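Next comes target-v2.cif, with mmCIF, C-alpha atoms, pLDDT in the B column; chains and numbers go by the auth columns.
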data_my_file
#
loop_
_atom_site.group_PDB
_atom_site.id
_atom_site.type_symbol
_atom_site.label_atom_id
_atom_site.label_comp_id
_atom_site.label_asym_id
_atom_site.label_seq_id
_atom_site.Cartn_x
_atom_site.Cartn_y
_atom_site.Cartn_z
_atom_site.B_iso_or_equiv
_atom_site.auth_seq_id
_atom_site.auth_asym_id
ATOM 1 C CA MET A 1 22.062 -1.527 4.037 38.00 17 A
ATOM 2 C CA ALA A 2 18.565 -2.927 4.614 45.00 18 A
ATOM 3 C CA ASP A 3 18.258 -1.213 7.976 61.00 19 A
ATOM 4 C CA ALA A 4 19.203 2.121 6.406 65.00 20 A
ATOM 5 C CA TYR A 5 16.695 1.597 3.586 77.00 21 A
ATOM 6 C CA PHE A 6 13.864 1.053 6.061 91.00 22 A
ATOM 7 C CA ASN A 7 14.959 3.810 8.433 92.00 23 A
ATOM 8 C CA LEU A 8 11.867 5.429 9.976 96.00 24 A
ATOM 9 C CA THR A 9 13.686 7.974 12.120 96.00 25 A
ATOM 10 C CA GLY A 10 11.664 11.164 12.388 94.00 26 A
ATOM 11 C CA LYS A 11 8.363 9.495 11.552 97.00 27 A
ATOM 12 C CA VAL A 12 5.420 9.096 13.933 98.00 28 A
ATOM 13 C CA ALA A 13 3.430 5.865 13.514 98.00 29 A
ATOM 14 C CA LEU A 14 0.018 5.076 15.001 98.00 30 A
ATOM 15 C CA VAL A 15 -0.840 1.399 15.461 98.00 31 A
ATOM 16 C CA THR A 16 -4.427 0.516 16.348 98.00 32 A
ATOM 17 C CA GLY A 17 -5.172 -2.693 18.209 97.00 33 A
ATOM 18 C CA ALA A 18 -1.669 -2.418 19.651 97.00 34 A
ATOM 19 C CA SER A 19 -2.332 -4.047 23.016 95.00 35 A
ATOM 20 C CA GLN A 20 -1.524 -7.589 21.885 92.00 36 A
ATOM 21 C CA GLY A 21 -0.904 -9.967 18.982 91.00 37 A
ATOM 22 C CA LEU A 22 0.016 -8.552 15.589 95.00 38 A
ATOM 23 C CA GLY A 23 -0.504 -4.952 16.692 96.00 39 A
ATOM 24 C CA ALA A 24 2.012 -5.194 19.519 96.00 40 A
ATOM 25 C CA GLY A 25 4.472 -6.859 17.121 96.00 41 A
ATOM 26 C CA PHE A 26 4.005 -4.100 14.540 98.00 42 A
ATOM 27 C CA ALA A 27 4.666 -1.466 17.199 98.00 43 A
ATOM 28 C CA ARG A 28 7.895 -3.154 18.309 98.00 44 A
ATOM 29 C CA THR A 29 9.137 -3.430 14.728 97.00 45 A
ATOM 30 C CA LEU A 30 8.383 0.192 13.854 98.00 46 A
ATOM 31 C CA ALA A 31 10.053 1.426 17.040 98.00 47 A
ATOM 32 C CA ALA A 32 13.116 -0.737 16.377 97.00 48 A
ATOM 33 C CA HIS A 33 13.506 1.011 13.018 97.00 49 A
ATOM 34 C CA GLY A 34 13.383 4.506 14.486 97.00 50 A
ATOM 35 C CA ALA A 35 9.716 5.494 14.448 98.00 51 A
ATOM 36 C CA LYS A 36 8.062 7.159 17.409 98.00 52 A
ATOM 37 C CA VAL A 37 5.067 4.920 17.992 98.00 53 A
ATOM 38 C CA VAL A 38 1.584 5.784 19.220 98.00 54 A
ATOM 39 C CA LEU A 39 -0.048 2.707 20.743 98.00 55 A
ATOM 40 C CA GLY A 40 -3.835 2.768 20.414 98.00 56 A
ATOM 41 C CA ALA A 41 -6.348 0.329 21.940 97.00 57 A
ATOM 42 C CA ARG A 42 -8.889 0.027 24.723 94.00 58 A
ATOM 43 C CA GLN A 43 -6.722 -2.000 27.140 93.00 59 A
ATOM 44 C CA ALA A 44 -4.756 0.745 28.865 91.00 60 A
ATOM 45 C CA GLY A 45 -2.739 -1.541 31.144 94.00 61 A
ATOM 46 C CA LYS A 46 -1.344 -3.633 28.277 96.00 62 A
ATOM 47 C CA LEU A 47 -0.568 -0.520 26.236 97.00 63 A
ATOM 48 C CA GLN A 48 1.355 1.072 29.071 97.00 64 A
ATOM 49 C CA ALA A 49 3.361 -2.106 29.632 97.00 65 A
ATOM 50 C CA LEU A 50 4.267 -2.196 25.928 98.00 66 A
ATOM 51 C CA ALA A 51 5.217 1.481 25.940 98.00 67 A
ATOM 52 C CA GLU A 52 7.550 0.839 28.871 97.00 68 A
ATOM 53 C CA GLU A 53 9.005 -2.225 27.122 98.00 69 A
ATOM 54 C CA ILE A 54 9.766 -0.170 24.000 98.00 70 A
ATOM 55 C CA GLY A 55 11.212 2.641 26.092 97.00 71 A
ATOM 56 C CA ALA A 56 13.498 0.222 27.944 97.00 72 A
ATOM 57 C CA ILE A 57 15.247 -0.717 24.702 94.00 73 A
ATOM 58 C CA GLY A 58 15.700 2.875 23.573 96.00 74 A
ATOM 59 C CA GLY A 59 12.515 3.380 21.562 97.00 75 A
ATOM 60 C CA ILE A 60 9.846 6.038 21.951 98.00 76 A
ATOM 61 C CA ALA A 61 6.216 5.068 22.478 98.00 77 A
ATOM 62 C CA HIS A 62 3.105 6.748 23.814 98.00 78 A
ATOM 63 C CA ALA A 63 -0.112 4.949 24.770 98.00 79 A
ATOM 64 C CA VAL A 64 -3.534 6.423 23.976 98.00 80 A
ATOM 65 C CA SER A 65 -6.984 5.109 24.822 97.00 81 A
ATOM 66 C CA LEU A 66 -8.708 4.394 21.511 97.00 82 A
ATOM 67 C CA ASP A 67 -12.029 2.875 20.457 98.00 83 A
ATOM 68 C CA VAL A 68 -11.917 2.703 16.660 98.00 84 A
ATOM 69 C CA THR A 69 -15.714 2.473 16.421 98.00 85 A
ATOM 70 C CA CYS A 70 -16.169 5.882 18.057 98.00 86 A
ATOM 71 C CA ARG A 71 -15.141 8.971 16.072 98.00 87 A
ATOM 72 C CA ALA A 72 -14.911 11.150 19.197 98.00 88 A
ATOM 73 C CA SER A 73 -12.492 8.651 20.736 98.00 89 A
ATOM 74 C CA VAL A 74 -10.410 8.645 17.544 98.00 90 A
ATOM 75 C CA THR A 75 -10.142 12.432 17.324 98.00 91 A
ATOM 76 C CA ALA A 76 -9.262 12.700 21.024 98.00 92 A
ATOM 77 C CA ALA A 77 -6.563 10.045 20.620 98.00 93 A
ATOM 78 C CA LEU A 78 -5.090 11.842 17.601 98.00 94 A
ATOM 79 C CA ASP A 79 -5.065 15.154 19.471 98.00 95 A
ATOM 80 C CA GLU A 80 -3.205 13.502 22.344 98.00 96 A
ATOM 81 C CA ALA A 81 -0.799 11.737 19.977 98.00 97 A
ATOM 82 C CA GLU A 82 0.069 14.976 18.172 97.00 98 A
ATOM 83 C CA GLU A 83 0.678 16.766 21.438 98.00 99 A
ATOM 84 C CA ALA A 84 2.920 13.978 22.730 98.00 100 A
ATOM 85 C CA LEU A 85 4.886 12.954 19.633 98.00 101 A
ATOM 86 C CA GLY A 86 3.815 15.108 16.685 97.00 102 A
ATOM 87 C CA PRO A 87 1.597 14.565 13.619 97.00 103 A
ATOM 88 C CA VAL A 88 1.067 10.985 12.465 98.00 104 A
ATOM 89 C CA ASP A 89 3.036 10.032 9.327 97.00 105 A
ATOM 90 C CA VAL A 90 2.196 6.315 9.265 98.00 106 A
ATOM 91 C CA LEU A 91 -1.080 4.656 10.247 98.00 107 A
ATOM 92 C CA VAL A 92 -1.305 0.906 10.765 98.00 108 A
ATOM 93 C CA ASN A 93 -5.039 0.158 10.787 98.00 109 A
ATOM 94 C CA ASN A 94 -4.812 -3.136 12.651 97.00 110 A
ATOM 95 C CA ALA A 95 -7.704 -3.311 15.134 96.00 111 A
ATOM 96 C CA GLY A 96 -9.958 -6.241 14.342 95.00 112 A
ATOM 97 C CA ILE A 97 -12.092 -9.011 15.798 94.00 113 A
ATOM 98 C CA ALA A 98 -13.662 -12.277 14.638 93.00 114 A
ATOM 99 C CA ILE A 99 -16.785 -14.142 15.735 94.00 115 A
ATOM 100 C CA THR A 100 -16.827 -17.819 14.818 93.00 116 A
ATOM 101 C CA LYS A 101 -20.343 -19.139 14.194 95.00 117 A
ATOM 102 C CA PRO A 102 -22.226 -20.903 11.416 96.00 118 A
ATOM 103 C CA PHE A 103 -23.804 -18.413 8.998 98.00 119 A
ATOM 104 C CA LEU A 104 -27.345 -19.375 10.008 98.00 120 A
ATOM 105 C CA GLU A 105 -26.564 -18.638 13.659 98.00 121 A
ATOM 106 C CA MET A 106 -24.983 -15.212 13.124 98.00 122 A
ATOM 107 C CA THR A 107 -27.051 -12.441 14.692 98.00 123 A
ATOM 108 C CA ASP A 108 -27.467 -8.832 13.687 98.00 124 A
ATOM 109 C CA ALA A 109 -25.399 -7.909 16.741 98.00 125 A
ATOM 110 C CA ASP A 110 -22.598 -10.246 15.638 98.00 126 A
ATOM 111 C CA TYR A 111 -22.594 -8.721 12.162 98.00 127 A
ATOM 112 C CA ASP A 112 -22.575 -5.155 13.477 98.00 128 A
ATOM 113 C CA GLN A 113 -19.800 -5.836 15.983 98.00 129 A
ATOM 114 C CA VAL A 114 -17.428 -7.348 13.430 98.00 130 A
ATOM 115 C CA LEU A 115 -18.156 -4.906 10.593 98.00 131 A
ATOM 116 C CA ASP A 116 -18.067 -1.891 12.925 98.00 132 A
ATOM 117 C CA THR A 117 -14.611 -2.821 14.198 97.00 133 A
ATOM 118 C CA ASN A 118 -12.942 -4.324 11.146 97.00 134 A
ATOM 119 C CA LEU A 119 -14.336 -2.119 8.397 98.00 135 A
ATOM 120 C CA LYS A 120 -16.054 0.974 9.767 98.00 136 A
ATOM 121 C CA GLY A 121 -13.300 1.354 12.374 98.00 137 A
ATOM 122 C CA CYS A 122 -10.654 1.422 9.637 98.00 138 A
ATOM 123 C CA PHE A 123 -12.784 3.907 7.708 98.00 139 A
ATOM 124 C CA ILE A 124 -13.097 6.254 10.703 98.00 140 A
ATOM 125 C CA VAL A 125 -9.446 6.135 11.755 98.00 141 A
ATOM 126 C CA GLY A 126 -8.227 6.305 8.149 98.00 142 A
ATOM 127 C CA GLN A 127 -10.430 9.283 7.367 98.00 143 A
ATOM 128 C CA GLU A 128 -9.445 11.237 10.476 98.00 144 A
ATOM 129 C CA VAL A 129 -5.728 10.575 9.968 98.00 145 A
ATOM 130 C CA ALA A 130 -5.937 11.380 6.239 98.00 146 A
ATOM 131 C CA ARG A 131 -7.682 14.682 6.920 97.00 147 A
ATOM 132 C CA ARG A 132 -4.782 15.729 9.133 97.00 148 A
ATOM 133 C CA MET A 133 -2.172 14.500 6.671 97.00 149 A
ATOM 134 C CA ALA A 134 -3.837 16.355 3.799 95.00 150 A
ATOM 135 C CA GLY A 135 -4.191 19.522 5.870 91.00 151 A
ATOM 136 C CA ARG A 136 -0.467 20.038 6.415 88.00 152 A
ATOM 137 C CA PRO A 137 1.593 22.532 4.385 85.00 153 A
ATOM 138 C CA GLU A 138 2.175 21.249 0.839 78.00 154 A
ATOM 139 C CA ASP A 139 5.876 20.574 1.359 74.00 155 A
ATOM 140 C CA SER A 140 5.179 18.350 4.386 72.00 156 A
ATOM 141 C CA CYS A 141 1.793 16.772 3.635 73.00 157 A
ATOM 142 C CA GLY A 142 1.395 13.125 2.830 87.00 158 A
ATOM 143 C CA GLY A 143 2.004 9.880 4.625 96.00 159 A
ATOM 144 C CA SER A 144 1.323 6.168 4.520 98.00 160 A
ATOM 145 C CA ILE A 145 -1.805 4.305 5.604 98.00 161 A
ATOM 146 C CA ILE A 146 -1.492 0.528 5.962 98.00 162 A
ATOM 147 C CA ASN A 147 -4.711 -1.446 6.360 98.00 163 A
ATOM 148 C CA ILE A 148 -4.352 -4.930 7.825 98.00 164 A
ATOM 149 C CA ALA A 149 -6.636 -7.113 5.721 98.00 165 A
ATOM 150 C CA SER A 150 -6.507 -10.924 5.443 97.00 166 A
ATOM 151 C CA VAL A 151 -6.307 -13.728 2.910 96.00 167 A
ATOM 152 C CA LEU A 152 -9.920 -14.300 3.924 96.00 168 A
ATOM 153 C CA GLY A 153 -10.761 -11.056 2.155 97.00 169 A
ATOM 154 C CA THR A 154 -10.327 -12.960 -1.112 96.00 170 A
ATOM 155 C CA ASP A 155 -10.846 -16.554 0.025 94.00 171 A
ATOM 156 C CA VAL A 156 -13.422 -17.910 2.488 93.00 172 A
ATOM 157 C CA ILE A 157 -13.698 -20.597 5.137 90.00 173 A
ATOM 158 C CA GLY A 158 -16.706 -21.744 7.098 91.00 174 A
ATOM 159 C CA GLN A 159 -18.087 -20.068 10.216 93.00 175 A
ATOM 160 C CA LEU A 160 -16.337 -16.741 9.611 94.00 176 A
ATOM 161 C CA SER A 161 -18.791 -15.108 7.218 97.00 177 A
ATOM 162 C CA THR A 162 -18.763 -11.690 8.867 97.00 178 A
ATOM 163 C CA TYR A 163 -14.955 -11.647 9.207 96.00 179 A
ATOM 164 C CA CYS A 164 -14.469 -12.605 5.544 97.00 180 A
ATOM 165 C CA THR A 165 -16.959 -9.930 4.504 98.00 181 A
ATOM 166 C CA SER A 166 -15.257 -7.238 6.567 98.00 182 A
ATOM 167 C CA LYS A 167 -11.802 -8.013 5.157 98.00 183 A
ATOM 168 C CA ALA A 168 -13.073 -8.109 1.568 98.00 184 A
ATOM 169 C CA GLY A 169 -14.582 -4.673 2.169 98.00 185 A
ATOM 170 C CA LEU A 170 -11.315 -3.442 3.643 98.00 186 A
ATOM 171 C CA ILE A 171 -9.363 -4.446 0.535 98.00 187 A
ATOM 172 C CA GLN A 172 -11.789 -2.456 -1.626 98.00 188 A
ATOM 173 C CA LEU A 173 -11.716 0.459 0.835 98.00 189 A
ATOM 174 C CA THR A 174 -7.921 0.453 0.535 98.00 190 A
ATOM 175 C CA ARG A 175 -8.149 0.824 -3.238 98.00 191 A
ATOM 176 C CA ALA A 176 -10.799 3.547 -3.051 98.00 192 A
ATOM 177 C CA MET A 177 -8.791 5.521 -0.486 98.00 193 A
ATOM 178 C CA ALA A 178 -5.635 5.182 -2.587 98.00 194 A
ATOM 179 C CA LEU A 179 -7.401 6.564 -5.645 98.00 195 A
ATOM 180 C CA GLU A 180 -8.795 9.621 -3.879 98.00 196 A
ATOM 181 C CA LEU A 181 -5.880 10.443 -1.577 98.00 197 A
ATOM 182 C CA SER A 182 -2.996 10.218 -4.052 97.00 198 A
ATOM 183 C CA ARG A 183 -3.112 13.914 -4.928 95.00 199 A
ATOM 184 C CA ALA A 184 -2.542 14.691 -1.243 95.00 200 A
ATOM 185 C CA LYS A 185 0.604 12.496 -1.350 96.00 201 A
ATOM 186 C CA ILE A 186 -1.055 9.913 0.897 98.00 202 A
ATOM 187 C CA ARG A 187 -0.298 6.306 0.005 98.00 203 A
ATOM 188 C CA VAL A 188 -2.803 3.641 1.054 98.00 204 A
ATOM 189 C CA ASN A 189 -1.922 -0.037 0.867 98.00 205 A
ATOM 190 C CA ALA A 190 -2.930 -3.247 2.620 98.00 206 A
ATOM 191 C CA ILE A 191 -1.211 -6.311 4.019 98.00 207 A
ATOM 192 C CA ALA A 192 -3.181 -9.564 3.782 98.00 208 A
ATOM 193 C CA PRO A 193 -1.691 -12.020 6.279 97.00 209 A
ATOM 194 C CA GLY A 194 -2.379 -15.708 6.130 96.00 210 A
ATOM 195 C CA TYR A 195 -2.515 -17.794 9.277 94.00 211 A
ATOM 196 C CA ILE A 196 -0.189 -16.292 11.880 92.00 212 A
ATOM 197 C CA GLU A 197 0.191 -18.050 15.218 86.00 213 A
ATOM 198 C CA THR A 198 -0.735 -15.848 18.182 78.00 214 A
ATOM 199 C CA PRO A 199 -1.696 -16.571 21.797 69.00 215 A
ATOM 200 C CA ILE A 200 -5.363 -16.245 20.770 68.00 216 A
ATOM 201 C CA ASN A 201 -5.327 -19.013 18.150 77.00 217 A
ATOM 202 C CA SER A 202 -2.466 -21.186 19.331 80.00 218 A
ATOM 203 C CA ASP A 203 -4.682 -23.789 21.028 83.00 219 A
ATOM 204 C CA PHE A 204 -6.732 -24.310 17.860 83.00 220 A
ATOM 205 C CA PHE A 205 -3.672 -25.093 15.772 88.00 221 A
ATOM 206 C CA HIS A 206 -2.832 -27.979 18.106 89.00 222 A
ATOM 207 C CA THR A 207 -6.180 -29.664 17.426 91.00 223 A
ATOM 208 C CA PRO A 208 -6.742 -32.153 14.565 91.00 224 A
ATOM 209 C CA ALA A 209 -8.629 -29.462 12.592 86.00 225 A
ATOM 210 C CA GLY A 210 -5.816 -26.971 13.117 89.00 226 A
ATOM 211 C CA GLU A 211 -3.144 -29.459 12.109 92.00 227 A
ATOM 212 C CA LYS A 212 -5.108 -30.319 8.965 92.00 228 A
ATOM 213 C CA LEU A 213 -5.285 -26.624 8.060 90.00 229 A
ATOM 214 C CA ILE A 214 -1.506 -26.247 8.466 94.00 230 A
ATOM 215 C CA LYS A 215 -0.933 -29.197 6.127 94.00 231 A
ATOM 216 C CA GLY A 216 -2.923 -27.318 3.494 93.00 232 A
ATOM 217 C CA ILE A 217 -0.421 -24.430 3.499 95.00 233 A
ATOM 218 C CA PRO A 218 2.296 -25.040 0.855 96.00 234 A
ATOM 219 C CA GLN A 219 5.082 -24.049 3.271 96.00 235 A
ATOM 220 C CA ARG A 220 3.558 -26.451 5.829 95.00 236 A
ATOM 221 C CA ARG A 221 3.806 -23.961 8.669 95.00 237 A
ATOM 222 C CA LEU A 222 2.075 -21.033 10.281 95.00 238 A
ATOM 223 C CA GLY A 223 3.367 -17.498 10.097 95.00 239 A
ATOM 224 C CA ARG A 224 5.720 -16.549 12.928 91.00 240 A
ATOM 225 C CA ASP A 225 6.833 -13.360 14.656 85.00 241 A
ATOM 226 C CA GLY A 226 8.656 -11.268 12.093 92.00 242 A
ATOM 227 C CA ASP A 227 7.112 -12.793 8.969 97.00 243 A
ATOM 228 C CA LEU A 228 5.109 -9.607 8.330 97.00 244 A
ATOM 229 C CA ASP A 229 7.985 -7.225 9.090 97.00 245 A
ATOM 230 C CA GLY A 230 9.236 -6.966 5.509 97.00 246 A
ATOM 231 C CA ALA A 231 5.856 -5.926 4.131 98.00 247 A
ATOM 232 C CA LEU A 232 5.243 -3.571 7.061 98.00 248 A
ATOM 233 C CA LEU A 233 8.587 -1.780 6.751 98.00 249 A
ATOM 234 C CA LEU A 234 8.290 -1.542 2.971 97.00 250 A
ATOM 235 C CA LEU A 235 4.907 0.176 3.183 98.00 251 A
ATOM 236 C CA ALA A 236 5.773 2.365 6.175 98.00 252 A
ATOM 237 C CA SER A 237 8.985 3.699 4.638 96.00 253 A
ATOM 238 C CA ASP A 238 9.841 5.750 1.575 93.00 254 A
ATOM 239 C CA ALA A 239 10.924 2.509 -0.107 94.00 255 A
ATOM 240 C CA SER A 240 7.303 2.212 -1.273 95.00 256 A
ATOM 241 C CA ALA A 241 7.046 5.801 -2.535 94.00 257 A
ATOM 242 C CA TYR A 242 5.507 4.661 -5.846 96.00 258 A
ATOM 243 C CA MET A 243 3.126 2.112 -4.345 97.00 259 A
ATOM 244 C CA THR A 244 -0.493 2.828 -3.564 98.00 260 A
ATOM 245 C CA GLY A 245 -3.665 0.770 -3.815 98.00 261 A
ATOM 246 C CA SER A 246 -1.728 -2.479 -3.464 98.00 262 A
ATOM 247 C CA THR A 247 -2.445 -5.483 -1.260 98.00 263 A
ATOM 248 C CA ILE A 248 0.612 -7.516 -0.260 98.00 264 A
ATOM 249 C CA THR A 249 -0.224 -11.126 0.585 98.00 265 A
ATOM 250 C CA VAL A 250 1.975 -12.852 3.203 98.00 266 A
ATOM 251 C CA ASP A 251 0.555 -16.341 3.642 97.00 267 A
ATOM 252 C CA GLY A 252 3.089 -19.095 3.002 97.00 268 A
ATOM 253 C CA GLY A 253 1.311 -19.859 -0.273 96.00 269 A
ATOM 254 C CA PHE A 254 -2.157 -20.418 1.225 94.00 270 A
ATOM 255 C CA LEU A 255 -4.022 -18.628 -1.567 94.00 271 A
ATOM 256 C CA VAL A 256 -2.276 -20.511 -4.345 94.00 272 A
ATOM 257 C CA ALA A 257 -2.961 -23.936 -2.804 88.00 273 A
#
Let's see the structure in the file written out as structure tokens.
Amino acid sequence: MADAYFNLTGKVALVTGASQGLGAGFARTLAAHGAKVVLGARQAGKLQALAEEIGAIGGIAHAVSLDVTCRASVTAALDEAEEALGPVDVLVNNAGIAITKPFLEMTDADYDQVLDTNLKGCFIVGQEVARRMAGRPEDSCGGSIINIASVLGTDVIGQLSTYCTSKAGLIQLTRAMALELSRAKIRVNAIAPGYIETPINSDFFHTPAGEKLIKGIPQRRLGRDGDLDGALLLLASDASAYMTGSTITVDGGFLVA
């Protein structure tokens, strides 16, 4: 019953930052539930390997070169995606980076790099996708945009000032987009993950500081593969037809601690 409820057959989903980590996981999950998936990132080799992996298990995926900070790159990627798989129905705005430094050591270049990717990048991709969604015939327009925010958009920790700022902005951008795009039948929501273990952060969580952080999470564990799937499938599917402007927190209780 659950699989039928979250059936994405016939939908085309674009995932940015799909070459690794959460983005690659999102792509696998969407493909497993019937979506044709467009994999967008700058690392072409990793994208192609993921597309072949999805194809080997019966899914459909197409890799596109995509730099979310460059509007020309975004429009070219969307043109290629539409030609290969059709118009995008679901956007997962996932591309993001973090620079860990004390606030007093952050440079203008650090600030620009993080905000350009995490916030302006989501703005550019979201705007270009929304324009195409809104421009379809009235009986077929609409779609779902899912911005990947963070619990650090509402809470803060040290040495991640630019990351926290970018994710706070993304939560507000989600709400503003939802307000303006509703009449075009475009839903815009966000997922705010807590601490999810990935190859990038795994070493840190085996240090004393990382272990202390885990003990501060009420569930006493990090997020694992699949822990974000429920929120993702809810927002990508018609099960969330009356949801827009929402942020779903998936953090093992971190924010309530």
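Straight-line separation from CA of Lys62 in chain A to CA of Ser35 in chain A: 5.4 Å.
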Any idea what the distance is between CA of Asn134 in chain A and CA of Val167 in chain A? 14.2 Å
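The space separating CA of Leu66 in chain A from CA of Leu168 in chain A comes to 28.8 Å.
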With distances taken over all atoms listed in the file, which residue among A:Leu107, A:Val28, A:Val145, A:Cys180 lies nearest Gly50 in chain A? A:Val28
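Of the residues under consideration (A:Met149, A:Leu186, A:Ala114, A:Val106), A:Leu186 shows the shortest atom-to-atom contact distance to Leu135 in chain A when counting only C-alpha atoms.
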Close residues, Ile113 in chain A itself excluded, 12 Å, only C-alpha atoms, min 3 positions apart in chain, as a PyMOL selection string: chain A and resi 33+37+84+110+116+126-135+137+164-166+176+178-180+182-183+216
Residues selected by the PyMOL selection byres ((chain A and resi 69) around 12), written as a VMD selection string: chain A and resid 40 to 41 43 to 44 47 to 48 62 to 68 70 to 79
Residues matched by the PyMOL selection byres ((chain A and resi 242-257) around 10), written as JSON, numbers by chain: {"A": [19, 21, 22, 23, 24, 25, 27, 29, 38, 41, 42, 45, 46, 49, 51, 105, 106, 107, 108, 159, 160, 161, 162, 164, 201, 202, 203, 204, 205, 206, 207, 208, 209, 210, 212, 238, 239, 240, 241, 258, 259, 260, 262, 263, 264, 265, 266, 267, 268]}
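This file, filtered with the PyMOL selection byres ((chain A and resi 142) around 9), gives the residues Leu107, Asn109, Gly137, Cys138, Phe139, Ile140, Val141, Gln143, Glu144, Val145, Ala146, Arg147, Ile161, Asn163 and Met193 of chain A.
Using all atoms listed in the file for every distance, the candidate list A:Lys136, A:Lys52, A:Arg58, A:Lys117 yields A:Lys117 as the residue closest to Ser177 in chain A.
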